[in-house]
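Written below as structure tokens is the structure these notes are about.
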Amino acid sequence: MLNLVLFGPPGAGKGTQAEFLIKSFGLIHLSTGDLLRSEIAGETALGNEAKNFMDKGELVPDEVVIGMIKSKLDANKDAKGFIFDGFPRTVDQAKALDVLLNENGTPISGMLCLQVEKQELIDRLLSRGKVSGRSDDQNQSIIENRITVYTEKTLPLIEYYKPQGKHFDINGMGTIEEIAGRLQEVVEKL
Ligand code: B4P
């Protein structure tokens, strides 16, 4: 089983590149951002709670996202593998994911870390905000807060996966196809 963590700051291209990896390797895509946005669109209690955090560029509480991932893993027991996109985002989320995956004997194969310059992240997100209607992409100070939260709470995850030999840096600057090619090369060797 191939289980990939697609990692990087907001705007690094995680969602974009996940589409290529799904096609190439036949994996199931689990994006906590997409799952949360669908809860918001459905006006569920979970969605209403999550919206308060997401609109400010803050992380949604760990127990909420871990619960969502657990139910998706339970619902896809026959999968060839998963792409975790935007999850884990804290060390506690990573530990919880390991517990869930170890129950099935299928650990994380690799953490693919997309590296993109800060100004490029801001430009990409502001330009998506003009067409997507995503409230967290509309305002530069919210985008900057998301990048700060990433640096403080999510970046330390590299030190969680590195000693396990699972961390791989990927240059996330360039065209979408160029970056997809770099990712493919790394994943084929896992
Ligand atoms: P996400 O949905 O994960 O949003 P994101 O970090 O902005 O990444 P996304 O995948 O959407 O963007 P991408 O880099 O692909 O999270 C949203 C919010 O949900 C978080 O702030 C948090 O509140 C909450 N949340 C989600 N997961 C959570 C968790 N685990 N724990 C707690 N809270 C959680 O791409 C961005 C743009 O760049 C796109 O428009 C794309 O077209 C463009 N782009 C991509 N590659 C490009 C390239 N090579 N060149 C030019 N443009 C490119």
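Lettering and numbering for the structure tokens are positional, with chains as A, B, ... in the shown order, residues counted from 1 in each chain, and ligands counted from 1 in the shown order.
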I'd like to know which residues of chain A are strand (DSSP E or B) (by DSSP, run on the backbone); could you write them as an MDAnalysis selection string? chainID A and resid 2:7 28:31 81:85 110:115 167:171
Could you make a table, as CSV, of the residues of chain A that have an atom within 6 Å of an atom of ligand 1, each with its nearest atom pair and distance in Å to one decimal, counting only C-alpha atoms and all ligand atoms, in chain and number order?
residue,atom,partner,partner_atom_place_in_ligand_line,distance
A:Pro9,CA,ligand 1,6 (O),5.9
A:Pro10,CA,ligand 1,6 (O),3.3
A:Gly11,CA,ligand 1,14 (O),3.3
A:Ala12,CA,ligand 1,14 (O),3.9
A:Gly13,CA,ligand 1,14 (O),3.3
A:Lys14,CA,ligand 1,15 (O),3.9
A:Gly15,CA,ligand 1,15 (O),3.5
A:Thr16,CA,ligand 1,15 (O),4.5
A:Thr32,CA,ligand 1,27 (N),4.3
A:Gly33,CA,ligand 1,2 (O),3.3
A:Asp34,CA,ligand 1,2 (O),5.6
A:Phe53,CA,ligand 1,23 (O),5.6
A:Met54,CA,ligand 1,23 (O),3.7
A:Gly57,CA,ligand 1,21 (O),4.8
A:Glu58,CA,ligand 1,23 (O),4.9
A:Leu59,CA,ligand 1,33 (N),3.7
A:Val60,CA,ligand 1,33 (N),3.9
A:Pro61,CA,ligand 1,32 (C),5.9
A:Asp62,CA,ligand 1,31 (N),6.0
A:Val65,CA,ligand 1,31 (N),5.7
A:Gly86,CA,ligand 1,3 (O),4.3
A:Phe87,CA,ligand 1,30 (N),4.0
A:Pro88,CA,ligand 1,30 (N),5.0
A:Arg89,CA,ligand 1,30 (N),4.7
A:Arg124,CA,ligand 1,38 (O),4.6
A:Leu125,CA,ligand 1,37 (C),5.3
A:Arg128,CA,ligand 1,40 (O),4.4
A:Arg146,CA,ligand 1,21 (O),5.8
A:Met173,CA,ligand 1,49 (N),5.9
A:Gly174,CA,ligand 1,49 (N),5.2
A:Thr175,CA,ligand 1,49 (N),4.5
A:Ile176,CA,ligand 1,49 (N),4.0
Name all residues at most 9 Å from Val187 in chain A (count only C-alpha atoms; drop same-chain ones fewer than 3 positions away) and give them as a PyMOL selection string. chain A and resi 4+21+109-110+112+182-184+190
Selection export as a short mmCIF file (atom, residue, chain, number, x, y, z; two decimals), in the first residue's frame, atoms kept: all heavy atoms:
data_model
loop_
_atom_site.label_atom_id
_atom_site.label_comp_id
_atom_site.auth_asym_id
_atom_site.auth_seq_id
_atom_site.Cartn_x
_atom_site.Cartn_y
_atom_site.Cartn_z
N LEU A 4 0.78 8.48 0.99
CA LEU A 4 1.59 9.68 0.82
C LEU A 4 1.02 10.84 1.61
O LEU A 4 -0.19 11.06 1.61
CB LEU A 4 1.62 10.09 -0.66
CG LEU A 4 2.07 9.02 -1.66
CD1 LEU A 4 1.92 9.54 -3.09
CD2 LEU A 4 3.52 8.62 -1.39
N LEU A 21 -1.19 12.79 -8.87
CA LEU A 21 -0.76 11.58 -8.16
C LEU A 21 -1.88 10.54 -8.11
O LEU A 21 -1.62 9.34 -8.21
CB LEU A 21 -0.31 11.95 -6.74
CG LEU A 21 1.00 12.75 -6.69
CD1 LEU A 21 1.24 13.34 -5.31
CD2 LEU A 21 2.19 11.87 -7.10
N SER A 109 4.26 6.00 3.60
CA SER A 109 5.40 5.65 2.76
C SER A 109 6.35 6.83 2.61
O SER A 109 7.57 6.66 2.56
CB SER A 109 4.91 5.24 1.36
OG SER A 109 3.77 4.44 1.43
N GLY A 110 5.79 8.04 2.48
CA GLY A 110 6.65 9.21 2.31
C GLY A 110 5.89 10.50 2.53
O GLY A 110 4.67 10.56 2.34
N LEU A 112 5.94 14.26 1.18
CA LEU A 112 6.45 15.03 0.04
C LEU A 112 6.23 16.50 0.33
O LEU A 112 5.10 16.97 0.41
CB LEU A 112 5.70 14.62 -1.23
CG LEU A 112 5.62 13.11 -1.44
CD1 LEU A 112 4.62 12.75 -2.52
CD2 LEU A 112 6.99 12.56 -1.79
N ARG A 182 8.55 16.11 -11.01
CA ARG A 182 9.48 15.92 -9.88
C ARG A 182 8.87 15.00 -8.83
O ARG A 182 9.54 14.15 -8.27
CB ARG A 182 9.79 17.29 -9.23
CG ARG A 182 10.61 18.21 -10.11
CD ARG A 182 10.77 19.59 -9.44
NE ARG A 182 11.12 20.58 -10.46
CZ ARG A 182 10.67 21.84 -10.49
NH1 ARG A 182 9.86 22.27 -9.54
NH2 ARG A 182 11.04 22.65 -11.45
N LEU A 183 7.58 15.19 -8.56
CA LEU A 183 6.91 14.36 -7.56
C LEU A 183 6.87 12.89 -8.01
O LEU A 183 7.17 11.98 -7.24
CB LEU A 183 5.47 14.84 -7.35
CG LEU A 183 5.31 16.05 -6.43
CD1 LEU A 183 3.94 16.68 -6.60
CD2 LEU A 183 5.50 15.66 -4.97
N GLN A 184 6.53 12.71 -9.28
CA GLN A 184 6.41 11.36 -9.82
C GLN A 184 7.74 10.59 -9.64
O GLN A 184 7.75 9.42 -9.25
CB GLN A 184 6.06 11.46 -11.31
CG GLN A 184 6.01 10.14 -12.02
CD GLN A 184 4.62 9.85 -12.60
OE1 GLN A 184 3.72 10.69 -12.55
NE2 GLN A 184 4.46 8.67 -13.13
N LEU A 190 9.66 5.05 -4.01
CA LEU A 190 9.27 4.71 -2.63
C LEU A 190 8.97 3.21 -2.49
O LEU A 190 8.51 2.58 -3.42
CB LEU A 190 8.03 5.53 -2.21
CG LEU A 190 8.26 7.01 -1.98
CD1 LEU A 190 6.93 7.69 -1.66
CD2 LEU A 190 9.26 7.27 -0.86
#
So that I can see what lies close to Asp55 in chain A, please list as a list in words the residues with an atom at most 8 Å from it, counting only C-alpha atoms and leaving out residues fewer than 5 positions away in the same chain. Ser135, Asp136 and Ile142 of chain A
Those selected residues, please, written with N, CA, C and O atoms and delivered as a PDB file, in the first residue's frame.
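Final output, selection_22.pdb:
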ATOM      1  N   SER A 135     -13.327  32.342   1.200  1.00  0.00           N
ATOM      2  CA  SER A 135     -13.171  33.536   2.041  1.00  0.00           C
ATOM      3  C   SER A 135     -11.760  33.660   2.588  1.00  0.00           C
ATOM      4  O   SER A 135     -11.268  34.769   2.802  1.00  0.00           O
ATOM      5  N   ASP A 136     -11.059  32.507   2.784  1.00  0.00           N
ATOM      6  CA  ASP A 136      -9.703  32.597   3.344  1.00  0.00           C
ATOM      7  C   ASP A 136      -8.658  32.979   2.302  1.00  0.00           C
ATOM      8  O   ASP A 136      -7.494  33.173   2.628  1.00  0.00           O
ATOM      9  N   ILE A 142      -5.162  37.582   6.133  1.00  0.00           N
ATOM     10  CA  ILE A 142      -5.579  36.212   6.496  1.00  0.00           C
ATOM     11  C   ILE A 142      -4.616  35.193   5.864  1.00  0.00           C
ATOM     12  O   ILE A 142      -4.202  34.225   6.505  1.00  0.00           O
TER      13      ILE A 142
END
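Taking only C-alpha atoms, the non-local environment of Phe25 in chain A within 9 Å (same-chain residues fewer than 2 positions away omitted) comprises Leu2, Phe20, Leu21, Ile22, Lys23, Leu27, Lys80 and Gly81 of chain A.
Each of A:Asn139, A:Asn3, A:Ser71, A:Asn171 was compared to Gly105 in chain A using only C-alpha atoms, and A:Asn3 turns out to be the nearest.
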From A:Lys95, A:Lys130, A:Lys153, A:Lys189, residue lying nearest Phe168 in chain A [only C-alpha atoms]: A:Lys189
Extract the full set of helix (DSSP H, G or I) residues from range 58-174 of chain A according to DSSP on the backbone, and format it as a PDB file with N, CA and C atoms, in the first residue's frame.
ATOM      1  N   ASP A  62      -7.751  19.699  16.447  1.00  0.00           N
ATOM      2  CA  ASP A  62      -7.251  18.380  16.036  1.00  0.00           C
ATOM      3  C   ASP A  62      -8.330  17.305  16.066  1.00  0.00           C
ATOM      4  N   GLU A  63      -9.141  17.270  17.159  1.00  0.00           N
ATOM      5  CA  GLU A  63     -10.084  16.139  17.285  1.00  0.00           C
ATOM      6  C   GLU A  63     -11.108  16.144  16.153  1.00  0.00           C
ATOM      7  N   VAL A  64     -11.417  17.331  15.617  1.00  0.00           N
ATOM      8  CA  VAL A  64     -12.396  17.416  14.523  1.00  0.00           C
ATOM      9  C   VAL A  64     -11.818  16.777  13.254  1.00  0.00           C
ATOM     10  N   VAL A  65     -10.598  17.181  12.887  1.00  0.00           N
ATOM     11  CA  VAL A  65     -10.037  16.661  11.627  1.00  0.00           C
ATOM     12  C   VAL A  65      -9.631  15.194  11.763  1.00  0.00           C
ATOM     13  N   ILE A  66      -9.147  14.787  12.936  1.00  0.00           N
ATOM     14  CA  ILE A  66      -8.774  13.379  13.132  1.00  0.00           C
ATOM     15  C   ILE A  66     -10.023  12.492  12.995  1.00  0.00           C
ATOM     16  N   GLY A  67     -11.143  12.935  13.563  1.00  0.00           N
ATOM     17  CA  GLY A  67     -12.396  12.181  13.455  1.00  0.00           C
ATOM     18  C   GLY A  67     -12.833  12.035  12.001  1.00  0.00           C
ATOM     19  N   MET A  68     -12.673  13.107  11.212  1.00  0.00           N
ATOM     20  CA  MET A  68     -13.064  13.038   9.794  1.00  0.00           C
ATOM     21  C   MET A  68     -12.199  12.023   9.048  1.00  0.00           C
ATOM     22  N   ILE A  69     -10.884  12.058   9.302  1.00  0.00           N
ATOM     23  CA  ILE A  69      -9.968  11.135   8.613  1.00  0.00           C
ATOM     24  C   ILE A  69     -10.261   9.689   9.023  1.00  0.00           C
ATOM     25  N   LYS A  70     -10.511   9.483  10.307  1.00  0.00           N
ATOM     26  CA  LYS A  70     -10.805   8.109  10.774  1.00  0.00           C
ATOM     27  C   LYS A  70     -12.005   7.530  10.021  1.00  0.00           C
ATOM     28  N   SER A  71     -13.069   8.337   9.879  1.00  0.00           N
ATOM     29  CA  SER A  71     -14.248   7.759   9.222  1.00  0.00           C
ATOM     30  C   SER A  71     -13.981   7.510   7.743  1.00  0.00           C
ATOM     31  N   LYS A  72     -13.139   8.334   7.097  1.00  0.00           N
ATOM     32  CA  LYS A  72     -12.804   8.071   5.682  1.00  0.00           C
ATOM     33  C   LYS A  72     -11.946   6.811   5.541  1.00  0.00           C
ATOM     34  N   LEU A  73     -11.007   6.595   6.465  1.00  0.00           N
ATOM     35  CA  LEU A  73     -10.176   5.381   6.391  1.00  0.00           C
ATOM     36  C   LEU A  73     -11.056   4.146   6.600  1.00  0.00           C
ATOM     37  N   ASP A  74     -11.984   4.234   7.552  1.00  0.00           N
ATOM     38  CA  ASP A  74     -12.878   3.098   7.820  1.00  0.00           C
ATOM     39  C   ASP A  74     -13.751   2.790   6.600  1.00  0.00           C
ATOM     40  N   ALA A  75     -14.110   3.847   5.862  1.00  0.00           N
ATOM     41  CA  ALA A  75     -15.012   3.663   4.716  1.00  0.00           C
ATOM     42  C   ALA A  75     -14.271   3.175   3.462  1.00  0.00           C
ATOM     43  N   VAL A  91       1.767  17.956  15.034  1.00  0.00           N
ATOM     44  CA  VAL A  91       2.420  16.707  15.443  1.00  0.00           C
ATOM     45  C   VAL A  91       1.387  15.758  16.053  1.00  0.00           C
ATOM     46  N   ASP A  92       0.421  16.284  16.808  1.00  0.00           N
ATOM     47  CA  ASP A  92      -0.607  15.397  17.379  1.00  0.00           C
ATOM     48  C   ASP A  92      -1.436  14.725  16.284  1.00  0.00           C
ATOM     49  N   GLN A  93      -1.714  15.447  15.199  1.00  0.00           N
ATOM     50  CA  GLN A  93      -2.438  14.828  14.077  1.00  0.00           C
ATOM     51  C   GLN A  93      -1.595  13.705  13.455  1.00  0.00           C
ATOM     52  N   ALA A  94      -0.274  13.944  13.335  1.00  0.00           N
ATOM     53  CA  ALA A  94       0.607  12.924  12.726  1.00  0.00           C
ATOM     54  C   ALA A  94       0.641  11.673  13.593  1.00  0.00           C
ATOM     55  N   LYS A  95       0.694  11.866  14.907  1.00  0.00           N
ATOM     56  CA  LYS A  95       0.727  10.707  15.802  1.00  0.00           C
ATOM     57  C   LYS A  95      -0.587   9.930  15.710  1.00  0.00           C
ATOM     58  N   ALA A  96      -1.709  10.664  15.663  1.00  0.00           N
ATOM     59  CA  ALA A  96      -3.015  10.004  15.562  1.00  0.00           C
ATOM     60  C   ALA A  96      -3.123   9.239  14.237  1.00  0.00           C
ATOM     61  N   LEU A  97      -2.602   9.822  13.159  1.00  0.00           N
ATOM     62  CA  LEU A  97      -2.650   9.150  11.851  1.00  0.00           C
ATOM     63  C   LEU A  97      -1.842   7.849  11.905  1.00  0.00           C
ATOM     64  N   ASP A  98      -0.666   7.887  12.537  1.00  0.00           N
ATOM     65  CA  ASP A  98       0.144   6.669  12.640  1.00  0.00           C
ATOM     66  C   ASP A  98      -0.615   5.573  13.382  1.00  0.00           C
ATOM     67  N   VAL A  99      -1.309   5.951  14.446  1.00  0.00           N
ATOM     68  CA  VAL A  99      -2.078   4.948  15.207  1.00  0.00           C
ATOM     69  C   VAL A  99      -3.154   4.338  14.301  1.00  0.00           C
ATOM     70  N   LEU A 100      -3.873   5.200  13.572  1.00  0.00           N
ATOM     71  CA  LEU A 100      -4.949   4.702  12.696  1.00  0.00           C
ATOM     72  C   LEU A 100      -4.393   3.786  11.603  1.00  0.00           C
ATOM     73  N   LEU A 101      -3.256   4.190  10.997  1.00  0.00           N
ATOM     74  CA  LEU A 101      -2.704   3.384   9.898  1.00  0.00           C
ATOM     75  C   LEU A 101      -2.097   2.090  10.419  1.00  0.00           C
ATOM     76  N   ASN A 102      -1.492   2.136  11.592  1.00  0.00           N
ATOM     77  CA  ASN A 102      -0.880   0.920  12.141  1.00  0.00           C
ATOM     78  C   ASN A 102      -1.926  -0.139  12.468  1.00  0.00           C
ATOM     79  N   GLU A 103      -3.154   0.305  12.759  1.00  0.00           N
ATOM     80  CA  GLU A 103      -4.232  -0.674  13.003  1.00  0.00           C
ATOM     81  C   GLU A 103      -4.421  -1.556  11.766  1.00  0.00           C
ATOM     82  N   LYS A 118       7.590  32.658  -0.368  1.00  0.00           N
ATOM     83  CA  LYS A 118       6.416  33.251   0.283  1.00  0.00           C
ATOM     84  C   LYS A 118       5.613  34.162  -0.658  1.00  0.00           C
ATOM     85  N   GLN A 119       6.298  35.027  -1.413  1.00  0.00           N
ATOM     86  CA  GLN A 119       5.554  35.962  -2.277  1.00  0.00           C
ATOM     87  C   GLN A 119       4.745  35.209  -3.334  1.00  0.00           C
ATOM     88  N   GLU A 120       5.328  34.119  -3.840  1.00  0.00           N
ATOM     89  CA  GLU A 120       4.616  33.291  -4.833  1.00  0.00           C
ATOM     90  C   GLU A 120       3.359  32.670  -4.203  1.00  0.00           C
ATOM     91  N   LEU A 121       3.449  32.244  -2.926  1.00  0.00           N
ATOM     92  CA  LEU A 121       2.269  31.678  -2.237  1.00  0.00           C
ATOM     93  C   LEU A 121       1.159  32.717  -2.171  1.00  0.00           C
ATOM     94  N   ILE A 122       1.552  33.934  -1.761  1.00  0.00           N
ATOM     95  CA  ILE A 122       0.548  35.004  -1.608  1.00  0.00           C
ATOM     96  C   ILE A 122      -0.091  35.314  -2.965  1.00  0.00           C
ATOM     97  N   ASP A 123       0.737  35.419  -4.001  1.00  0.00           N
ATOM     98  CA  ASP A 123       0.204  35.737  -5.338  1.00  0.00           C
ATOM     99  C   ASP A 123      -0.776  34.664  -5.811  1.00  0.00           C
ATOM    100  N   ARG A 124      -0.407  33.373  -5.613  1.00  0.00           N
ATOM    101  CA  ARG A 124      -1.279  32.280  -6.063  1.00  0.00           C
ATOM    102  C   ARG A 124      -2.617  32.321  -5.332  1.00  0.00           C
ATOM    103  N   LEU A 125      -2.568  32.538  -4.008  1.00  0.00           N
ATOM    104  CA  LEU A 125      -3.818  32.477  -3.233  1.00  0.00           C
ATOM    105  C   LEU A 125      -4.704  33.671  -3.531  1.00  0.00           C
ATOM    106  N   LEU A 126      -4.102  34.867  -3.660  1.00  0.00           N
ATOM    107  CA  LEU A 126      -4.919  36.046  -3.991  1.00  0.00           C
ATOM    108  C   LEU A 126      -5.559  35.857  -5.356  1.00  0.00           C
ATOM    109  N   SER A 127      -4.803  35.242  -6.269  1.00  0.00           N
ATOM    110  CA  SER A 127      -5.401  35.100  -7.601  1.00  0.00           C
ATOM    111  C   SER A 127      -6.498  34.035  -7.581  1.00  0.00           C
ATOM    112  N   ARG A 128      -6.344  32.956  -6.776  1.00  0.00           N
ATOM    113  CA  ARG A 128      -7.445  31.997  -6.642  1.00  0.00           C
ATOM    114  C   ARG A 128      -8.667  32.665  -5.994  1.00  0.00           C
ATOM    115  N   GLY A 129      -8.400  33.530  -4.987  1.00  0.00           N
ATOM    116  CA  GLY A 129      -9.494  34.193  -4.266  1.00  0.00           C
ATOM    117  C   GLY A 129     -10.396  35.008  -5.167  1.00  0.00           C
ATOM    118  N   LYS A 130      -9.817  35.532  -6.280  1.00  0.00           N
ATOM    119  CA  LYS A 130     -10.626  36.368  -7.198  1.00  0.00           C
ATOM    120  C   LYS A 130     -11.689  35.544  -7.906  1.00  0.00           C
ATOM    121  N   VAL A 131     -11.428  34.229  -8.090  1.00  0.00           N
ATOM    122  CA  VAL A 131     -12.400  33.413  -8.834  1.00  0.00           C
ATOM    123  C   VAL A 131     -13.122  32.372  -7.988  1.00  0.00           C
ATOM    124  N   SER A 132     -12.492  31.915  -6.893  1.00  0.00           N
ATOM    125  CA  SER A 132     -13.061  30.770  -6.160  1.00  0.00           C
ATOM    126  C   SER A 132     -14.136  31.162  -5.163  1.00  0.00           C
ATOM    127  N   SER A 135     -13.327  32.342   1.200  1.00  0.00           N
ATOM    128  CA  SER A 135     -13.171  33.536   2.041  1.00  0.00           C
ATOM    129  C   SER A 135     -11.760  33.660   2.588  1.00  0.00           C
ATOM    130  N   ASP A 136     -11.059  32.507   2.784  1.00  0.00           N
ATOM    131  CA  ASP A 136      -9.703  32.597   3.344  1.00  0.00           C
ATOM    132  C   ASP A 136      -8.658  32.979   2.302  1.00  0.00           C
ATOM    133  N   ASP A 137      -9.053  33.101   1.030  1.00  0.00           N
ATOM    134  CA  ASP A 137      -8.118  33.523  -0.027  1.00  0.00           C
ATOM    135  C   ASP A 137      -8.320  34.982  -0.447  1.00  0.00           C
ATOM    136  N   GLN A 140      -5.145  39.585   2.155  1.00  0.00           N
ATOM    137  CA  GLN A 140      -3.717  39.295   2.335  1.00  0.00           C
ATOM    138  C   GLN A 140      -3.355  39.008   3.792  1.00  0.00           C
ATOM    139  N   SER A 141      -4.010  39.709   4.764  1.00  0.00           N
ATOM    140  CA  SER A 141      -3.593  39.485   6.158  1.00  0.00           C
ATOM    141  C   SER A 141      -4.045  38.096   6.640  1.00  0.00           C
ATOM    142  N   ILE A 142      -5.162  37.582   6.133  1.00  0.00           N
ATOM    143  CA  ILE A 142      -5.579  36.212   6.496  1.00  0.00           C
ATOM    144  C   ILE A 142      -4.616  35.193   5.864  1.00  0.00           C
ATOM    145  N   ILE A 143      -4.213  35.458   4.629  1.00  0.00           N
ATOM    146  CA  ILE A 143      -3.258  34.560   3.962  1.00  0.00           C
ATOM    147  C   ILE A 143      -1.944  34.545   4.748  1.00  0.00           C
ATOM    148  N   GLU A 144      -1.488  35.745   5.168  1.00  0.00           N
ATOM    149  CA  GLU A 144      -0.221  35.800   5.915  1.00  0.00           C
ATOM    150  C   GLU A 144      -0.357  35.064   7.240  1.00  0.00           C
ATOM    151  N   ASN A 145      -1.544  35.156   7.875  1.00  0.00           N
ATOM    152  CA  ASN A 145      -1.749  34.405   9.126  1.00  0.00           C
ATOM    153  C   ASN A 145      -1.679  32.906   8.877  1.00  0.00           C
ATOM    154  N   ARG A 146      -2.249  32.449   7.753  1.00  0.00           N
ATOM    155  CA  ARG A 146      -2.182  31.008   7.437  1.00  0.00           C
ATOM    156  C   ARG A 146      -0.723  30.566   7.280  1.00  0.00           C
ATOM    157  N   ILE A 147       0.090  31.441   6.663  1.00  0.00           N
ATOM    158  CA  ILE A 147       1.503  31.079   6.470  1.00  0.00           C
ATOM    159  C   ILE A 147       2.234  31.058   7.825  1.00  0.00           C
ATOM    160  N   THR A 148       1.881  32.011   8.718  1.00  0.00           N
ATOM    161  CA  THR A 148       2.487  32.035  10.061  1.00  0.00           C
ATOM    162  C   THR A 148       2.096  30.788  10.850  1.00  0.00           C
ATOM    163  N   VAL A 149       0.804  30.429  10.800  1.00  0.00           N
ATOM    164  CA  VAL A 149       0.327  29.223  11.498  1.00  0.00           C
ATOM    165  C   VAL A 149       1.061  27.996  10.952  1.00  0.00           C
ATOM    166  N   TYR A 150       1.254  27.972   9.629  1.00  0.00           N
ATOM    167  CA  TYR A 150       1.987  26.854   9.011  1.00  0.00           C
ATOM    168  C   TYR A 150       3.404  26.765   9.598  1.00  0.00           C
ATOM    169  N   THR A 151       4.064  27.930   9.662  1.00  0.00           N
ATOM    170  CA  THR A 151       5.457  27.937  10.126  1.00  0.00           C
ATOM    171  C   THR A 151       5.540  27.475  11.583  1.00  0.00           C
ATOM    172  N   GLU A 152       4.581  27.933  12.400  1.00  0.00           N
ATOM    173  CA  GLU A 152       4.662  27.621  13.835  1.00  0.00           C
ATOM    174  C   GLU A 152       4.181  26.210  14.177  1.00  0.00           C
ATOM    175  N   LYS A 153       3.080  25.788  13.547  1.00  0.00           N
ATOM    176  CA  LYS A 153       2.457  24.533  13.997  1.00  0.00           C
ATOM    177  C   LYS A 153       2.673  23.356  13.053  1.00  0.00           C
ATOM    178  N   THR A 154       2.867  23.643  11.770  1.00  0.00           N
ATOM    179  CA  THR A 154       2.893  22.546  10.789  1.00  0.00           C
ATOM    180  C   THR A 154       4.315  22.187  10.372  1.00  0.00           C
ATOM    181  N   LEU A 157       6.503  19.332  11.733  1.00  0.00           N
ATOM    182  CA  LEU A 157       6.243  17.947  11.326  1.00  0.00           C
ATOM    183  C   LEU A 157       7.392  17.352  10.524  1.00  0.00           C
ATOM    184  N   ILE A 158       8.185  18.219   9.883  1.00  0.00           N
ATOM    185  CA  ILE A 158       9.337  17.715   9.127  1.00  0.00           C
ATOM    186  C   ILE A 158      10.249  16.937  10.078  1.00  0.00           C
ATOM    187  N   GLU A 159      10.410  17.465  11.285  1.00  0.00           N
ATOM    188  CA  GLU A 159      11.278  16.796  12.262  1.00  0.00           C
ATOM    189  C   GLU A 159      10.641  15.513  12.790  1.00  0.00           C
ATOM    190  N   TYR A 160       9.351  15.336  12.578  1.00  0.00           N
ATOM    191  CA  TYR A 160       8.679  14.086  12.967  1.00  0.00           C
ATOM    192  C   TYR A 160       8.971  12.992  11.937  1.00  0.00           C
ATOM    193  N   TYR A 161       8.923  13.365  10.636  1.00  0.00           N
ATOM    194  CA  TYR A 161       9.092  12.357   9.588  1.00  0.00           C
ATOM    195  C   TYR A 161      10.555  12.125   9.195  1.00  0.00           C
ATOM    196  N   LYS A 162      11.407  13.146   9.391  1.00  0.00           N
ATOM    197  CA  LYS A 162      12.804  13.031   8.945  1.00  0.00           C
ATOM    198  C   LYS A 162      13.540  11.854   9.585  1.00  0.00           C
ATOM    199  N   PRO A 163      13.484  11.708  10.930  1.00  0.00           N
ATOM    200  CA  PRO A 163      14.223  10.586  11.532  1.00  0.00           C
ATOM    201  C   PRO A 163      13.715   9.224  11.073  1.00  0.00           C
ATOM    202  N   GLN A 164      12.496   9.184  10.533  1.00  0.00           N
ATOM    203  CA  GLN A 164      11.957   7.917  10.016  1.00  0.00           C
ATOM    204  C   GLN A 164      12.393   7.677   8.566  1.00  0.00           C
TER     205      GLN A 164
END
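Residue neighbourhood of Ile40 in chain A, excluding near-sequence residues (fewer than 5 positions): Asp34, Leu35, Ala45, Leu46, Gly47, Asn48, Glu49, Ala50 and Lys51 of chain A, at 10 Å, using only C-alpha atoms.
Note that the spacing between CA of Glu188 in chain A and CA of Asn76 in chain A amounts to 23.1 Å.
Closest to Thr106 in chain A among A:Met1, A:Ala180, A:Val186, A:Ala41 is A:Met1, based on only C-alpha atoms.
With only C-alpha atoms as the atoms that count, the minimum distance from Phe84 in chain A to the choices A:Glu39, A:Asp169, A:Glu185, A:Glu19 is reached by A:Glu19.
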